[in-house]
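Text of the file final.cif, holding mmCIF, C-alpha atoms:
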```cif
data_model
#
loop_
_atom_site.label_atom_id
_atom_site.label_comp_id
_atom_site.auth_asym_id
_atom_site.auth_seq_id
_atom_site.Cartn_x
_atom_site.Cartn_y
_atom_site.Cartn_z
CA MET A 16 -26.67 12.42 104.24
CA SER A 17 -25.82 14.03 100.93
CA LEU A 18 -24.02 12.22 98.15
CA ALA A 19 -20.27 12.93 98.16
CA PRO A 20 -19.11 14.88 95.06
CA TRP A 21 -17.16 11.85 93.71
CA ARG A 22 -20.30 9.69 93.67
CA SER A 23 -21.44 10.98 90.29
CA ALA A 24 -18.04 10.11 88.76
CA ILE A 25 -18.31 6.53 90.11
CA ALA A 26 -21.91 6.27 88.88
CA SER A 27 -20.87 7.43 85.42
CA ALA A 28 -17.94 4.96 85.30
CA LEU A 29 -20.19 2.07 86.36
CA ASP A 30 -22.72 3.06 83.72
CA HIS A 31 -20.19 3.35 80.88
CA ASN A 32 -18.49 0.06 81.82
CA SER A 33 -21.66 -1.90 82.56
CA SER A 34 -21.03 -4.36 79.71
CA LEU A 35 -17.97 -5.68 81.61
CA VAL A 36 -18.85 -7.89 84.59
CA TYR A 37 -15.36 -7.31 85.95
CA ALA A 38 -15.76 -3.53 85.99
CA ARG A 39 -17.32 -4.15 89.41
CA TYR A 40 -14.10 -5.78 90.67
CA LEU A 41 -11.59 -3.66 92.54
CA GLN A 42 -8.41 -4.30 94.49
CA LEU A 43 -8.41 -3.65 98.23
CA ALA A 44 -5.08 -3.01 99.99
CA THR A 45 -4.78 -3.50 103.74
CA VAL A 46 -1.82 -3.84 106.12
CA ARG A 47 -0.95 -7.26 107.56
CA VAL A 48 -0.44 -7.81 111.26
CA ASN A 49 3.34 -7.86 110.57
CA GLY A 50 3.16 -4.41 108.92
CA LEU A 51 3.51 -5.62 105.31
CA PRO A 52 0.94 -4.80 102.62
CA ALA A 53 -1.81 -7.17 101.43
CA ASN A 54 -3.92 -6.80 98.29
CA ARG A 55 -6.81 -8.78 96.80
CA THR A 56 -9.70 -8.45 94.35
CA LEU A 57 -13.17 -7.86 95.78
CA VAL A 58 -16.55 -7.43 94.12
CA PHE A 59 -18.23 -4.05 94.67
CA ARG A 60 -21.76 -4.72 96.01
CA GLY A 61 -23.15 -1.17 95.78
CA PHE A 62 -23.31 1.57 98.38
CA LEU A 63 -24.82 1.10 101.81
CA GLU A 64 -28.20 2.81 101.72
CA ALA A 65 -28.15 6.52 102.65
CA THR A 66 -24.34 6.58 103.01
CA ASN A 67 -21.20 6.95 100.87
CA GLN A 68 -19.84 3.60 102.11
CA LEU A 69 -18.88 0.90 99.60
CA LYS A 70 -20.27 -2.57 100.36
CA PHE A 71 -18.31 -5.83 100.04
CA ILE A 72 -18.70 -9.30 101.47
CA THR A 73 -16.06 -11.52 103.02
CA ASP A 74 -15.60 -14.70 105.04
CA SER A 75 -14.59 -14.59 108.71
CA ARG A 76 -12.06 -17.35 107.96
CA THR A 77 -9.90 -15.14 105.69
CA GLU A 78 -6.68 -13.44 106.77
CA LYS A 79 -8.01 -9.95 106.13
CA ILE A 80 -10.26 -10.13 109.22
CA GLU A 81 -7.32 -10.05 111.62
CA GLN A 82 -5.63 -7.37 109.49
CA ILE A 83 -8.69 -5.11 109.60
CA GLN A 84 -9.16 -5.59 113.34
CA GLN A 85 -5.63 -4.32 113.93
CA GLN A 86 -5.53 -1.67 111.15
CA PRO A 87 -8.90 -0.59 109.73
CA TRP A 88 -7.41 1.77 107.11
CA ALA A 89 -7.55 0.54 103.55
CA GLU A 90 -7.07 1.80 100.01
CA ALA A 91 -9.15 0.45 97.15
CA CYS A 92 -7.82 0.81 93.61
CA TRP A 93 -10.55 0.59 90.98
CA TYR A 94 -9.68 0.66 87.30
CA PHE A 95 -12.41 0.98 84.66
CA PRO A 96 -11.18 -0.45 81.33
CA HIS A 97 -13.66 1.06 78.87
CA THR A 98 -13.39 4.62 80.14
CA ARG A 99 -9.71 4.32 81.12
CA GLU A 100 -10.03 5.83 84.56
CA GLN A 101 -8.80 4.93 88.03
CA PHE A 102 -10.23 5.68 91.45
CA ARG A 103 -8.03 5.33 94.51
CA ILE A 104 -10.39 5.27 97.48
CA THR A 105 -8.84 5.70 100.93
CA GLY A 106 -10.83 5.15 104.09
CA THR A 107 -11.63 2.96 107.05
CA LEU A 108 -13.21 -0.48 107.02
CA THR A 109 -16.06 -1.72 109.19
CA LEU A 110 -16.70 -5.45 109.55
CA VAL A 111 -20.14 -6.76 110.48
CA ALA A 112 -19.73 -10.43 111.45
CA GLY A 113 -22.15 -13.18 112.40
CA GLY A 114 -21.69 -12.64 116.13
CA ASP A 115 -22.52 -8.92 115.87
CA SER A 116 -26.26 -9.38 116.25
CA GLN A 117 -26.59 -6.15 118.28
CA HIS A 118 -24.65 -4.11 115.69
CA ASP A 119 -26.59 -1.26 114.06
CA LEU A 120 -25.70 -2.85 110.75
CA ALA A 121 -26.72 -6.42 111.58
CA PRO A 122 -29.89 -5.97 109.46
CA ALA A 123 -27.78 -4.70 106.52
CA ARG A 124 -25.63 -7.86 106.80
CA ILE A 125 -28.75 -10.03 106.54
CA THR A 126 -30.17 -8.06 103.60
CA THR A 127 -26.84 -8.30 101.76
CA TRP A 128 -26.86 -12.10 102.20
CA GLN A 129 -30.42 -12.31 100.89
CA GLU A 130 -29.49 -10.30 97.78
CA LEU A 131 -26.65 -12.68 96.77
CA ASN A 132 -27.18 -15.34 94.17
CA ASP A 133 -27.00 -19.03 95.10
CA ALA A 134 -23.43 -19.47 93.79
CA ALA A 135 -22.11 -16.59 95.91
CA ARG A 136 -23.85 -17.92 99.03
CA LEU A 137 -22.54 -21.44 98.42
CA GLN A 138 -18.91 -20.32 98.73
CA PHE A 139 -19.49 -19.59 102.41
CA ALA A 140 -20.29 -23.30 102.91
CA TRP A 141 -16.99 -24.39 101.34
CA PRO A 142 -13.97 -25.64 103.34
CA HIS A 143 -11.68 -23.10 105.02
CA SER A 144 -10.01 -21.04 102.28
CA GLY A 145 -6.20 -21.02 102.22
CA LYS A 146 -5.89 -24.40 104.02
CA PRO A 147 -4.21 -27.31 102.20
CA ARG A 148 -6.51 -28.85 99.61
CA ASN A 149 -7.71 -32.37 100.27
CA LYS A 150 -8.49 -33.89 96.89
CA ASP A 151 -10.28 -36.82 98.59
CA GLU A 152 -12.90 -34.39 99.84
CA GLN A 153 -14.11 -32.88 96.60
CA ALA A 154 -17.70 -33.34 97.84
CA ALA A 155 -17.01 -30.64 100.45
CA PHE A 156 -17.07 -28.13 97.59
CA PHE A 157 -20.56 -29.27 96.57
CA PRO A 158 -22.48 -28.72 99.83
CA PRO A 159 -26.25 -28.34 100.00
CA PRO A 160 -27.30 -24.71 99.33
CA PRO A 161 -27.41 -22.64 102.52
CA ASP A 162 -30.61 -20.97 103.68
CA SER A 163 -31.19 -17.98 101.42
CA ARG A 164 -32.70 -15.90 104.24
CA GLN A 165 -30.39 -16.57 107.21
CA PRO A 166 -26.63 -15.90 106.65
CA LEU A 167 -24.07 -18.51 107.60
CA PRO A 168 -22.14 -17.45 110.74
CA ASN A 169 -18.89 -16.88 108.79
CA PHE A 170 -20.54 -14.44 106.37
CA CYS A 171 -19.40 -10.84 106.96
CA LEU A 172 -20.51 -7.53 105.55
CA LEU A 173 -17.50 -5.27 104.91
CA LEU A 174 -17.86 -1.50 104.45
CA LEU A 175 -15.34 1.06 103.23
CA ASP A 176 -16.02 4.61 104.42
CA PRO A 177 -13.96 6.93 102.17
CA ILE A 178 -12.11 9.97 103.44
CA GLN A 179 -10.18 10.60 100.19
CA VAL A 180 -10.81 9.74 96.55
CA ASP A 181 -8.17 10.28 93.84
CA HIS A 182 -9.76 10.13 90.37
CA LEU A 183 -7.43 9.87 87.35
CA VAL A 184 -8.84 9.96 83.81
CA LEU A 185 -6.37 8.70 81.20
CA ARG A 186 -8.49 8.98 78.09
CA LYS A 187 -7.92 12.67 77.30
CA GLU A 188 -4.80 14.57 76.22
CA PRO A 189 -3.59 15.81 78.62
CA GLN A 190 -5.02 13.49 81.27
CA ASN A 191 -7.21 14.80 84.08
CA ARG A 192 -7.13 14.15 87.79
CA TRP A 193 -9.15 15.27 90.77
CA LEU A 194 -8.61 14.83 94.48
CA TYR A 195 -11.61 14.73 96.80
CA TYR A 196 -10.97 14.81 100.53
CA HIS A 197 -13.15 14.99 103.57
CA ASP A 198 -12.80 16.62 106.95
CA ASP A 199 -15.39 17.05 109.66
CA GLN A 200 -15.37 20.87 109.48
CA SER A 201 -15.60 21.46 105.74
CA GLY A 202 -17.11 18.21 104.51
CA TRP A 203 -15.86 17.27 101.03
CA THR A 204 -13.38 19.49 99.15
CA THR A 205 -12.51 18.98 95.50
CA GLN A 206 -9.17 19.96 93.99
CA GLU A 207 -7.92 19.53 90.44
CA ILE A 208 -4.36 18.19 90.44
CA ASN A 209 -1.70 17.22 87.90
CA PRO A 210 -2.10 13.71 86.44
CA MET B 17 18.65 -18.75 87.24
CA SER B 18 15.78 -21.08 86.56
CA LEU B 19 12.25 -19.93 85.90
CA ALA B 20 10.09 -20.05 89.04
CA PRO B 21 7.25 -22.60 88.82
CA TRP B 22 4.57 -19.86 88.72
CA ARG B 23 6.13 -18.29 85.61
CA SER B 24 4.35 -20.67 83.24
CA ALA B 25 0.99 -19.78 84.80
CA ILE B 26 1.68 -16.05 84.29
CA ALA B 27 2.86 -16.68 80.72
CA SER B 28 -0.31 -18.64 79.98
CA ALA B 29 -2.54 -15.93 81.48
CA LEU B 30 -0.78 -13.21 79.46
CA ASP B 31 -1.17 -15.29 76.32
CA HIS B 32 -4.88 -16.04 76.81
CA ASN B 33 -5.65 -12.40 77.70
CA SER B 34 -3.45 -10.79 75.06
CA SER B 35 -6.43 -9.23 73.26
CA LEU B 36 -6.99 -6.97 76.30
CA VAL B 37 -4.45 -4.15 76.62
CA TYR B 38 -5.40 -3.78 80.27
CA ALA B 39 -4.57 -7.40 81.08
CA ARG B 40 -1.05 -6.03 81.54
CA TYR B 41 -2.25 -3.65 84.27
CA LEU B 42 -2.01 -4.73 87.90
CA GLN B 43 -2.50 -3.08 91.28
CA LEU B 44 0.53 -2.61 93.52
CA ALA B 45 0.00 -2.20 97.26
CA THR B 46 2.67 -0.58 99.42
CA VAL B 47 2.70 0.87 102.94
CA ARG B 48 2.78 4.65 103.41
CA VAL B 49 5.30 6.33 105.68
CA ASN B 50 2.47 6.74 108.25
CA GLY B 51 1.79 2.98 108.22
CA LEU B 52 -1.41 3.10 106.15
CA PRO B 53 -1.87 1.17 102.89
CA ALA B 54 -1.48 2.65 99.40
CA ASN B 55 -2.62 1.06 96.13
CA ARG B 56 -2.32 2.06 92.47
CA THR B 57 -2.43 0.61 88.97
CA LEU B 58 0.87 -0.04 87.20
CA VAL B 59 1.68 -1.44 83.76
CA PHE B 60 3.62 -4.72 83.74
CA ARG B 61 6.71 -4.21 81.52
CA GLY B 62 7.89 -7.83 81.35
CA PHE B 63 10.41 -9.69 83.47
CA LEU B 64 13.96 -8.46 84.04
CA GLU B 65 16.16 -10.61 81.84
CA ALA B 66 17.41 -13.84 83.47
CA THR B 67 15.41 -13.23 86.67
CA ASN B 68 11.89 -13.73 88.07
CA GLN B 69 11.54 -10.00 88.82
CA LEU B 70 8.62 -8.03 87.40
CA LYS B 71 9.54 -4.74 85.72
CA PHE B 72 7.62 -1.48 86.12
CA ILE B 73 8.44 2.17 85.59
CA THR B 74 7.75 5.11 87.84
CA ASP B 75 8.56 8.78 88.39
CA SER B 76 10.86 9.91 91.21
CA ARG B 77 8.33 12.66 91.97
CA THR B 78 5.58 10.22 93.07
CA GLU B 79 4.73 9.39 96.69
CA LYS B 80 5.55 5.73 96.31
CA ILE B 81 9.30 6.47 96.19
CA GLU B 82 9.41 7.53 99.84
CA GLN B 83 7.11 4.63 100.78
CA ILE B 84 9.39 2.09 99.11
CA GLN B 85 12.52 3.54 100.65
CA GLN B 86 11.02 3.04 104.10
CA GLN B 87 9.19 -0.25 103.45
CA PRO B 88 10.28 -2.19 100.34
CA TRP B 89 7.68 -4.95 100.76
CA ALA B 90 4.79 -4.87 98.32
CA GLU B 91 1.92 -7.02 97.14
CA ALA B 92 0.74 -6.90 93.54
CA CYS B 93 -2.77 -8.07 92.74
CA TRP B 94 -3.21 -9.04 89.10
CA TYR B 95 -6.61 -10.07 87.78
CA PHE B 96 -6.98 -11.55 84.28
CA PRO B 97 -10.54 -11.00 83.00
CA HIS B 98 -10.73 -13.53 80.15
CA THR B 99 -9.38 -16.46 82.10
CA ARG B 100 -10.89 -15.34 85.42
CA GLU B 101 -7.76 -15.82 87.52
CA GLN B 102 -5.95 -13.76 90.12
CA PHE B 103 -2.28 -13.67 91.10
CA ARG B 104 -1.29 -12.11 94.40
CA ILE B 105 2.45 -11.53 94.17
CA THR B 106 4.29 -10.70 97.39
CA GLY B 107 7.90 -9.55 97.42
CA THR B 108 10.36 -6.73 97.77
CA LEU B 109 10.79 -3.73 95.51
CA THR B 110 14.03 -2.33 94.09
CA LEU B 111 14.15 1.20 92.70
CA VAL B 112 16.76 2.20 90.14
CA ALA B 113 16.73 6.01 89.92
CA GLY B 114 18.53 8.53 87.74
CA GLY B 115 21.23 9.18 90.29
CA ASP B 116 22.10 5.47 90.59
CA SER B 117 24.59 5.46 87.73
CA GLN B 118 26.85 2.96 89.52
CA HIS B 119 23.95 0.56 90.23
CA ASP B 120 24.28 -2.90 88.66
CA LEU B 121 20.88 -2.24 87.09
CA ALA B 122 21.64 1.24 85.66
CA PRO B 123 21.95 -0.28 82.16
CA ALA B 124 18.58 -2.03 82.58
CA ARG B 125 17.03 1.35 83.48
CA ILE B 126 18.38 2.86 80.26
CA THR B 127 17.22 -0.07 78.12
CA THR B 128 13.73 0.12 79.66
CA TRP B 129 13.53 3.83 78.75
CA GLN B 130 14.61 3.12 75.18
CA GLU B 131 11.93 0.44 74.82
CA LEU B 132 9.07 2.81 75.78
CA ASN B 133 6.95 4.50 73.15
CA ASP B 134 7.03 8.28 72.75
CA ALA B 135 3.79 8.84 74.66
CA ALA B 136 5.09 6.93 77.71
CA ARG B 137 8.39 8.84 77.67
CA LEU B 138 6.59 12.18 77.35
CA GLN B 139 4.81 11.74 80.70
CA PHE B 140 8.16 12.07 82.47
CA ALA B 141 8.48 15.59 81.02
CA TRP B 142 5.08 16.64 82.44
CA PRO B 143 4.64 18.86 85.53
CA HIS B 144 4.95 17.30 88.98
CA SER B 145 2.09 14.79 89.39
CA GLY B 146 -0.24 15.31 92.34
CA LYS B 147 0.46 19.07 92.60
CA PRO B 148 -2.42 21.53 92.05
CA ARG B 149 -3.29 21.89 88.38
CA ASN B 150 -2.56 25.25 86.78
CA LYS B 151 -4.97 25.59 83.88
CA ASP B 152 -2.99 28.58 82.55
CA GLU B 153 -0.05 26.28 81.90
CA GLN B 154 -1.62 23.71 79.64
CA ALA B 155 1.42 23.98 77.35
CA ALA B 156 3.47 22.30 80.10
CA PHE B 157 1.63 19.07 79.21
CA PHE B 158 2.79 19.33 75.61
CA PRO B 159 6.58 19.48 76.04
CA PRO B 160 9.05 18.62 73.30
CA PRO B 161 9.69 14.84 73.17
CA PRO B 162 12.56 13.80 75.44
CA ASP B 163 15.66 12.09 74.04
CA SER B 164 14.68 8.51 73.23
CA ARG B 165 18.11 7.16 74.19
CA GLN B 166 18.93 8.99 77.44
CA PRO B 167 16.32 8.76 80.26
CA LEU B 168 15.12 11.89 82.03
CA PRO B 169 16.58 12.08 85.57
CA ASN B 170 13.17 11.46 87.23
CA PHE B 171 12.64 8.19 85.30
CA CYS B 172 12.94 5.14 87.58
CA LEU B 173 13.00 1.43 86.92
CA LEU B 174 11.02 -0.45 89.58
CA LEU B 175 11.42 -4.20 90.16
CA LEU B 176 9.32 -6.61 92.21
CA ASP B 177 11.20 -9.72 93.37
CA PRO B 178 8.54 -12.26 94.42
CA ILE B 179 8.87 -14.49 97.46
CA GLN B 180 5.25 -15.75 97.38
CA VAL B 181 2.64 -16.09 94.63
CA ASP B 182 -0.98 -17.00 95.38
CA HIS B 183 -2.76 -18.12 92.19
CA LEU B 184 -6.57 -18.40 92.27
CA VAL B 185 -8.47 -19.74 89.24
CA LEU B 186 -12.19 -18.95 89.38
CA ARG B 187 -13.30 -20.44 86.09
CA LYS B 188 -13.72 -24.07 87.18
CA GLU B 189 -16.17 -25.72 89.57
CA PRO B 190 -14.85 -25.99 92.22
CA GLN B 191 -12.26 -23.23 91.88
CA ASN B 192 -8.53 -24.00 92.08
CA ARG B 193 -5.78 -22.28 94.01
CA TRP B 194 -2.05 -22.78 94.39
CA LEU B 195 0.44 -21.18 96.72
CA TYR B 196 4.06 -20.86 95.61
CA TYR B 197 6.60 -19.74 98.19
CA HIS B 198 10.34 -19.36 98.19
CA ASP B 199 13.03 -19.85 100.79
CA ASP B 200 16.75 -19.85 100.37
CA GLN B 201 17.17 -23.50 101.40
CA SER B 202 14.47 -25.18 99.34
CA GLY B 203 13.93 -22.68 96.54
CA TRP B 204 10.33 -22.64 95.34
CA THR B 205 7.68 -24.91 96.90
CA THR B 206 4.20 -25.37 95.43
CA GLN B 207 1.15 -26.25 97.52
CA GLU B 208 -2.43 -26.70 96.41
CA ILE B 209 -4.80 -24.90 98.81
CA ASN B 210 -8.53 -24.34 99.21
CA PRO B 211 -9.94 -21.52 97.06
#
```
Please express the file's structure as structure tokens.
Amino acid sequence: MSLAPWRSAIASALDHNSSLVYARYLQLATVRVNGLPANRTLVFRGFLEATNQLKFITDSRTEKIEQIQQQPWAEACWYFPHTREQFRITGTLTLVAGGDSQHDLAPARITTWQELNDAARLQFAWPHSGKPRNKDEQAAFFPPPPDSRQPLPNFCLLLLDPIQVDHLVLRKEPQNRWLYYHDDQSGWTTQEINP
Amino acid sequence: MSLAPWRSAIASALDHNSSLVYARYLQLATVRVNGLPANRTLVFRGFLEATNQLKFITDSRTEKIEQIQQQPWAEACWYFPHTREQFRITGTLTLVAGGDSQHDLAPARITTWQELNDAARLQFAWPHSGKPRNKDEQAAFFPPPPDSRQPLPNFCLLLLDPIQVDHLVLRKEPQNRWLYYHDDQSGWTTQEINP
């Protein structure tokens, strides 16, 4: 696998925004089962080794699981504040859940769990997100720390495999914009387009 | 019209993040004509007077116009870095374009244009966004400033009328989350849910 041509632009943006924790947050749009759009912030967890796929984590109890099972296409929008640039990353999602022990990526799911910090792992032991809050059960949000080696069953690895990346740089006059797109014959093509 | 109950939370977030220009940027997800998700950063331009509708601006030459005409539902995801909170705002979009001179909101479109700064207005005089860049025509990106009173025909006002707002606050232990949803009988209902 060779690095896609947009990888160096992402690497540069991450480097120049590294003082901002939230420069690793992006917004992932999916389509709901009823055909309407959904959008939420996720933390970028690096690229899956030897691929151009972006890694995220999620909980099997969230609504996006059903959405992705029906419609795996997604578009991530990633804005970098310091360098004033936006990446729109279009591609398909792959979920690796706790029951997928025979999946090629089951080992990657376990490694990703092991690389989390304690606070991130703890959230997977919390009550079901989105359900009504029971204020009498505050202790449920302070569970014992889960095993740092073996993921909880509801922990999922989520991968975004890009087929198009639209990179807009606002900081120059005039602005600059590039479109990267992939097809199986030609691989990645780069085109400069109007901002 | 009364202010929706989530308006005070947005006002507070804007206030506590006012030192960050990009705290007014959010990501708007729509559905493409082919059923796949789209997502891009927009600048929040305040609320339409005497309503709970969020104001944005856009160009009639962008892809989102056709998307919105076919599927007006959208979900905005708005993350505030200083206060570590996220609003997911679900609702329907209304476009007010240059040809809509009889539209109730045609005056609001004109006022929004007049309130922009010169640099924002100038972008509507640029070449068609998303088309291949012609480096021999750099002058096209330095047009004369458009009339500050009369909008260019491709300038559109875009409004998001929320029907649900999901507010997640990460900064406390445990985190807090509220769901606000609207129906015509009961108006707005607020429910505290698990983060």
### Message
Give me, as a list in words, the residues of chain A touching chain B, with the criterion being at most 6 Å (counting all atoms listed in the file).
### Response
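The answer, sorted by residue number, is Ala44, Thr45, Val46, Pro52, Ala53, Asn54, Arg55, Ala89, Glu90, Cys92, Ser144, Gly145, Lys146, Pro147, Arg148, Glu207, Ile208, Asn209 and Pro210 of chain A.
Omitting Ala113 of chain B and its sequence neighbours fewer than 2 positions away, and counting only C-alpha atoms, the residues within 10 Å are Thr74, Asp75, Ser76, Ile81, Thr110, Leu111, Gly115, Asp116, Ser117, His119, Leu121, Ala122, Arg125, Leu168, Pro169, Asn170, Phe171, Cys172, Leu173 and Leu174 of chain B.
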### Query
Residues picked by the PyMOL selection byres ((chain A and resi 128) around 9) here, as a list in words?
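Taken over the shown coordinates, the PyMOL selection byres ((chain A and resi 128) around 9) returns Ile72, Ala123, Arg124, Ile125, Thr126, Thr127, Gln129, Glu130, Leu131, Asn132, Arg136, Ser163, Arg164, Gln165, Pro166, Leu167, Phe170, Cys171 and Leu172 of chain A.
Under the PyMOL selection byres ((chain A and resi 67) around 7), the matching residues in the shown file are Leu18, Ala19, Phe62, Leu63, Thr66, Gln68, Leu69 and Asp176 of chain A.
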### Task
For atom CA of Gly62 of chain B and atom CA of Arg39 of chain A, determine how far apart the two atoms are, in Å to one decimal place.
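So the two atoms, atom CA of Gly62 of chain B and atom CA of Arg39 of chain A, lie 26.7 Å apart.
You will find atom CA of Thr99 of chain B at 21.0 Å from atom CA of Thr206 of chain B.
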Set up a box along x, y and z of the file covering all listed atoms of segment 161-175 of chain B, add 5 Å on every one of the six sides, and write the centre and edge lengths in Å to one decimal, as AutoDock Vina command-line options.
```
--center_x 14.3 --center_y 5.3 --center_z 81.7 --size_x 19.2 --size_y 29.0 --size_z 27.0
```
